[in-house]
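Colleague: Input: one structure, supplied below.
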Amino acid sequence: MFAKQQSRVSLIDLATVVVLLLAILIVSLPGGALYNPVHRWLVQRHMTAAIQKEWSALVQMSQPLYSEPGPPVVVEFTDYQCPFCRAASPMVDSAVSDGVRLAVLQFPLSIHPRARVAALAALCGARSGRFAKIHRYLMNHIEWMASDDSSIVPAIEPIDSAAFVACQGSEQTRKSLAQEIAVANTLGIAGTPMLVTAGGVLKQPVTAASLRALADDGSK
């Protein structure tokens, strides 16, 4: 009698475990209640680990918006045709003015037809010592978006137009852009703006205050 009861209890326990496992499986499938938060957590964990591993490379490749000495504490992946990047630009500049050492890496998205040529122009700005000026020109003006030209010559003096165009078409500049895109893909970045430090990613909306907080966390 006792053995039969124990057998029935064991069967009930087994059935309960099976039902629970099935329930977990169902809610964990795409579209299930657990899928999105678990997926976001896994992506975030992967990205944080990848950033920590690649941080030295990010620092070396990025172009600073600040003039103070020292390596960047915050790195922004940006796309000059991205409306969110352009909207965040005043907050980025405000944080830089407040002393946040923020640098930029290029990540032109394929959905923006003029983003790549703008990124090449920014890299040529870096090679000529005018990165911050050309970065802000691209962020704050729109006339370059309407052109079909394969290059951009910003309205900043003095600039040798022919040399600037040649720079954008050079193998060295294209290779530099390919390297920045590759590191963004390695980190799993899918959109812009993406602001990161050695220890993590900005999860809040981009404001001067959130960038200062991110910089403070990244400097610890």
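Here's how to read the names in the structure tokens: chain A, B, ... by the order shown, residue numbers from 1 in each chain, ligand numbers from 1 in the order shown.
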Which residues of stretch 79-129 of chain A come within 8 Å of stretch 170-187 of chain A, and what is each one's closest atom pair and distance in Å (one decimal), counting only C-alpha atoms, sorted by chain and residue number, as a tab-separated table?
Modeller:
residue	atom	partner	partner_atom	distance
A:Leu105	CA	A:Glu180	CA	6.3
A:Gln106	CA	A:Glu180	CA	6.0
A:Phe107	CA	A:Ile181	CA	5.4
A:Pro108	CA	A:Ile181	CA	7.7
A:Ala119	CA	A:Leu177	CA	7.4
A:Leu120	CA	A:Thr173	CA	6.6
A:Leu123	CA	A:Thr173	CA	6.7
A:Cys124	CA	A:Thr173	CA	7.1
Colleague: Within stretch 47-145 of chain A, find each residue whose DSSP state, derived from the backbone, is strand (DSSP E), and express the selection as a PDB file with all heavy atoms, in the first residue's frame.
Modeller:
ATOM      1  N   GLN A  63      38.396  59.254 -31.916  1.00  0.00           N
ATOM      2  CA  GLN A  63      38.849  60.630 -32.090  1.00  0.00           C
ATOM      3  C   GLN A  63      38.209  61.516 -31.022  1.00  0.00           C
ATOM      4  O   GLN A  63      36.987  61.575 -30.909  1.00  0.00           O
ATOM      5  CB  GLN A  63      38.469  61.140 -33.480  1.00  0.00           C
ATOM      6  CG  GLN A  63      39.070  60.337 -34.608  1.00  0.00           C
ATOM      7  CD  GLN A  63      40.589  60.370 -34.604  1.00  0.00           C
ATOM      8  OE1 GLN A  63      41.188  61.371 -34.180  1.00  0.00           O
ATOM      9  NE2 GLN A  63      41.215  59.306 -35.060  1.00  0.00           N
ATOM     10  N   PRO A  64      39.009  62.224 -30.229  1.00  0.00           N
ATOM     11  CA  PRO A  64      38.462  63.009 -29.114  1.00  0.00           C
ATOM     12  C   PRO A  64      37.751  64.272 -29.567  1.00  0.00           C
ATOM     13  O   PRO A  64      38.154  64.927 -30.524  1.00  0.00           O
ATOM     14  CB  PRO A  64      39.705  63.352 -28.283  1.00  0.00           C
ATOM     15  CG  PRO A  64      40.833  63.318 -29.257  1.00  0.00           C
ATOM     16  CD  PRO A  64      40.484  62.262 -30.263  1.00  0.00           C
ATOM     17  N   VAL A  74      34.660  58.101 -22.124  1.00  0.00           N
ATOM     18  CA  VAL A  74      33.437  57.690 -22.822  1.00  0.00           C
ATOM     19  C   VAL A  74      33.723  57.674 -24.319  1.00  0.00           C
ATOM     20  O   VAL A  74      34.391  58.572 -24.838  1.00  0.00           O
ATOM     21  CB  VAL A  74      32.268  58.654 -22.538  1.00  0.00           C
ATOM     22  CG1 VAL A  74      31.012  58.214 -23.298  1.00  0.00           C
ATOM     23  CG2 VAL A  74      31.994  58.751 -21.046  1.00  0.00           C
ATOM     24  N   VAL A  75      33.245  56.635 -24.991  1.00  0.00           N
ATOM     25  CA  VAL A  75      33.368  56.537 -26.446  1.00  0.00           C
ATOM     26  C   VAL A  75      31.973  56.429 -27.045  1.00  0.00           C
ATOM     27  O   VAL A  75      31.150  55.624 -26.582  1.00  0.00           O
ATOM     28  CB  VAL A  75      34.225  55.323 -26.864  1.00  0.00           C
ATOM     29  CG1 VAL A  75      34.172  55.116 -28.377  1.00  0.00           C
ATOM     30  CG2 VAL A  75      35.673  55.517 -26.419  1.00  0.00           C
ATOM     31  N   GLU A  76      31.713  57.246 -28.053  1.00  0.00           N
ATOM     32  CA  GLU A  76      30.421  57.227 -28.741  1.00  0.00           C
ATOM     33  C   GLU A  76      30.567  56.631 -30.137  1.00  0.00           C
ATOM     34  O   GLU A  76      31.400  57.081 -30.931  1.00  0.00           O
ATOM     35  CB  GLU A  76      29.845  58.634 -28.865  1.00  0.00           C
ATOM     36  CG  GLU A  76      28.539  58.668 -29.655  1.00  0.00           C
ATOM     37  CD  GLU A  76      28.037  60.066 -29.974  1.00  0.00           C
ATOM     38  OE1 GLU A  76      28.765  61.039 -29.694  1.00  0.00           O
ATOM     39  OE2 GLU A  76      26.919  60.170 -30.500  1.00  0.00           O
ATOM     40  N   PHE A  77      29.764  55.619 -30.446  1.00  0.00           N
ATOM     41  CA  PHE A  77      29.622  55.136 -31.816  1.00  0.00           C
ATOM     42  C   PHE A  77      28.509  55.961 -32.457  1.00  0.00           C
ATOM     43  O   PHE A  77      27.387  55.997 -31.937  1.00  0.00           O
ATOM     44  CB  PHE A  77      29.267  53.650 -31.830  1.00  0.00           C
ATOM     45  CG  PHE A  77      30.400  52.758 -31.423  1.00  0.00           C
ATOM     46  CD1 PHE A  77      30.634  52.475 -30.086  1.00  0.00           C
ATOM     47  CD2 PHE A  77      31.247  52.206 -32.376  1.00  0.00           C
ATOM     48  CE1 PHE A  77      31.682  51.656 -29.707  1.00  0.00           C
ATOM     49  CE2 PHE A  77      32.305  51.386 -32.001  1.00  0.00           C
ATOM     50  CZ  PHE A  77      32.522  51.101 -30.664  1.00  0.00           C
ATOM     51  N   THR A  78      28.825  56.598 -33.589  1.00  0.00           N
ATOM     52  CA  THR A  78      27.859  57.527 -34.159  1.00  0.00           C
ATOM     53  C   THR A  78      27.691  57.350 -35.653  1.00  0.00           C
ATOM     54  O   THR A  78      28.505  56.716 -36.333  1.00  0.00           O
ATOM     55  CB  THR A  78      28.274  58.986 -33.833  1.00  0.00           C
ATOM     56  OG1 THR A  78      27.164  59.848 -34.002  1.00  0.00           O
ATOM     57  CG2 THR A  78      29.420  59.437 -34.729  1.00  0.00           C
ATOM     58  N   LEU A 102      35.261  62.685 -23.944  1.00  0.00           N
ATOM     59  CA  LEU A 102      34.450  61.845 -24.822  1.00  0.00           C
ATOM     60  C   LEU A 102      35.062  61.821 -26.219  1.00  0.00           C
ATOM     61  O   LEU A 102      35.438  62.868 -26.753  1.00  0.00           O
ATOM     62  CB  LEU A 102      33.015  62.372 -24.871  1.00  0.00           C
ATOM     63  CG  LEU A 102      31.974  61.515 -25.595  1.00  0.00           C
ATOM     64  CD1 LEU A 102      30.598  61.684 -24.940  1.00  0.00           C
ATOM     65  CD2 LEU A 102      31.876  61.870 -27.087  1.00  0.00           C
ATOM     66  N   ALA A 103      35.172  60.637 -26.780  1.00  0.00           N
ATOM     67  CA  ALA A 103      35.725  60.469 -28.123  1.00  0.00           C
ATOM     68  C   ALA A 103      34.724  59.721 -28.992  1.00  0.00           C
ATOM     69  O   ALA A 103      33.741  59.161 -28.493  1.00  0.00           O
ATOM     70  CB  ALA A 103      37.054  59.717 -28.061  1.00  0.00           C
ATOM     71  N   VAL A 104      34.970  59.722 -30.303  1.00  0.00           N
ATOM     72  CA  VAL A 104      33.993  59.232 -31.271  1.00  0.00           C
ATOM     73  C   VAL A 104      34.582  58.132 -32.146  1.00  0.00           C
ATOM     74  O   VAL A 104      35.746  58.218 -32.571  1.00  0.00           O
ATOM     75  CB  VAL A 104      33.504  60.389 -32.169  1.00  0.00           C
ATOM     76  CG1 VAL A 104      32.578  59.881 -33.272  1.00  0.00           C
ATOM     77  CG2 VAL A 104      32.795  61.449 -31.330  1.00  0.00           C
ATOM     78  N   LEU A 105      33.774  57.122 -32.412  1.00  0.00           N
ATOM     79  CA  LEU A 105      34.066  56.115 -33.420  1.00  0.00           C
ATOM     80  C   LEU A 105      32.939  56.113 -34.446  1.00  0.00           C
ATOM     81  O   LEU A 105      31.775  56.339 -34.097  1.00  0.00           O
ATOM     82  CB  LEU A 105      34.205  54.725 -32.789  1.00  0.00           C
ATOM     83  CG  LEU A 105      35.518  54.449 -32.060  1.00  0.00           C
ATOM     84  CD1 LEU A 105      35.444  53.142 -31.285  1.00  0.00           C
ATOM     85  CD2 LEU A 105      36.688  54.400 -33.050  1.00  0.00           C
ATOM     86  N   GLN A 106      33.287  55.829 -35.684  1.00  0.00           N
ATOM     87  CA  GLN A 106      32.310  55.874 -36.765  1.00  0.00           C
ATOM     88  C   GLN A 106      31.592  54.535 -36.916  1.00  0.00           C
ATOM     89  O   GLN A 106      32.221  53.481 -36.950  1.00  0.00           O
ATOM     90  CB  GLN A 106      33.006  56.229 -38.093  1.00  0.00           C
ATOM     91  CG  GLN A 106      33.833  57.491 -38.055  1.00  0.00           C
ATOM     92  CD  GLN A 106      32.995  58.714 -37.721  1.00  0.00           C
ATOM     93  OE1 GLN A 106      31.834  58.815 -38.119  1.00  0.00           O
ATOM     94  NE2 GLN A 106      33.588  59.645 -36.992  1.00  0.00           N
TER      95      GLN A 106
END
Colleague: Using DSSP on the backbone coordinates, identify the residues of stretch 22-210 of chain A assigned to helix (DSSP H, G or I); present them as a PyMOL selection string.
Modeller: chain A and resi 22-28+35-61+83-97+115-127+131-140+143-146+161-168+171-187+208-210
Colleague: Here is a test: counting only C-alpha atoms, which residue of A:Ser94, A:Val117, A:Asp148, A:Gly200 is nearest to A:Cys167?
Modeller: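 Among the listed residues, A:Val117 lies closest to A:Cys167.
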Colleague: When you draw a straight line from atom CA of A:Val206 to atom CA of A:Met194, how long is it in Å?
Modeller: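 One can read the atom CA of A:Val206 to atom CA of A:Met194 distance as 9.5 Å.
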Colleague: In Å, rounded to a single decimal, give me how far atom CA of A:Thr207 is from atom CA of A:Glu68.
Modeller: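 We find that atom CA of A:Glu68 and atom CA of A:Thr207 lie 21.2 Å from each other.
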Colleague: Quote the spacing between atom CA of A:Pro69 and atom CA of A:Gly199 in Å to one decimal place.
Modeller: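 Distance between the two atoms: 21.2 Å.
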Colleague: What's the 10 Å shell around A:Ser147, counting only C-alpha atoms, without same-chain residues fewer than 5 positions away, as an MDAnalysis selection string?
Modeller: chainID A and resid 114 142 152
Colleague: For A:Tyr137, work out the shell of residues within 10 Å, counting only C-alpha atoms and skipping chain neighbours fewer than 5 positions away, then give it as number ranges by chain.
Modeller: A: 80, 122, 131-132, 142, 144, 154-156
Colleague: Which residue, A:Ser97, A:Ser161, A:Ser210, A:Ser110, has the smallest gap to A:Ser67 when you use only C-alpha atoms?
Modeller: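 Result for the nearest residue to A:Ser67: A:Ser97.
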Colleague: Need the shell around A:Val201: protein/DNA/RNA residues with any atom at most 10 Å away, counting only C-alpha atoms. Skip same-chain ones fewer than 3 positions apart. Format as a list in words?
Modeller: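 Near neighbours after the sequence-gap exclusion: Gln44, Met47, Thr48, Ile51, Val74, Val75, Met194, Leu195, Val196, Thr197, Ala198, Gln204, Leu214 and Gly218 of chain A.
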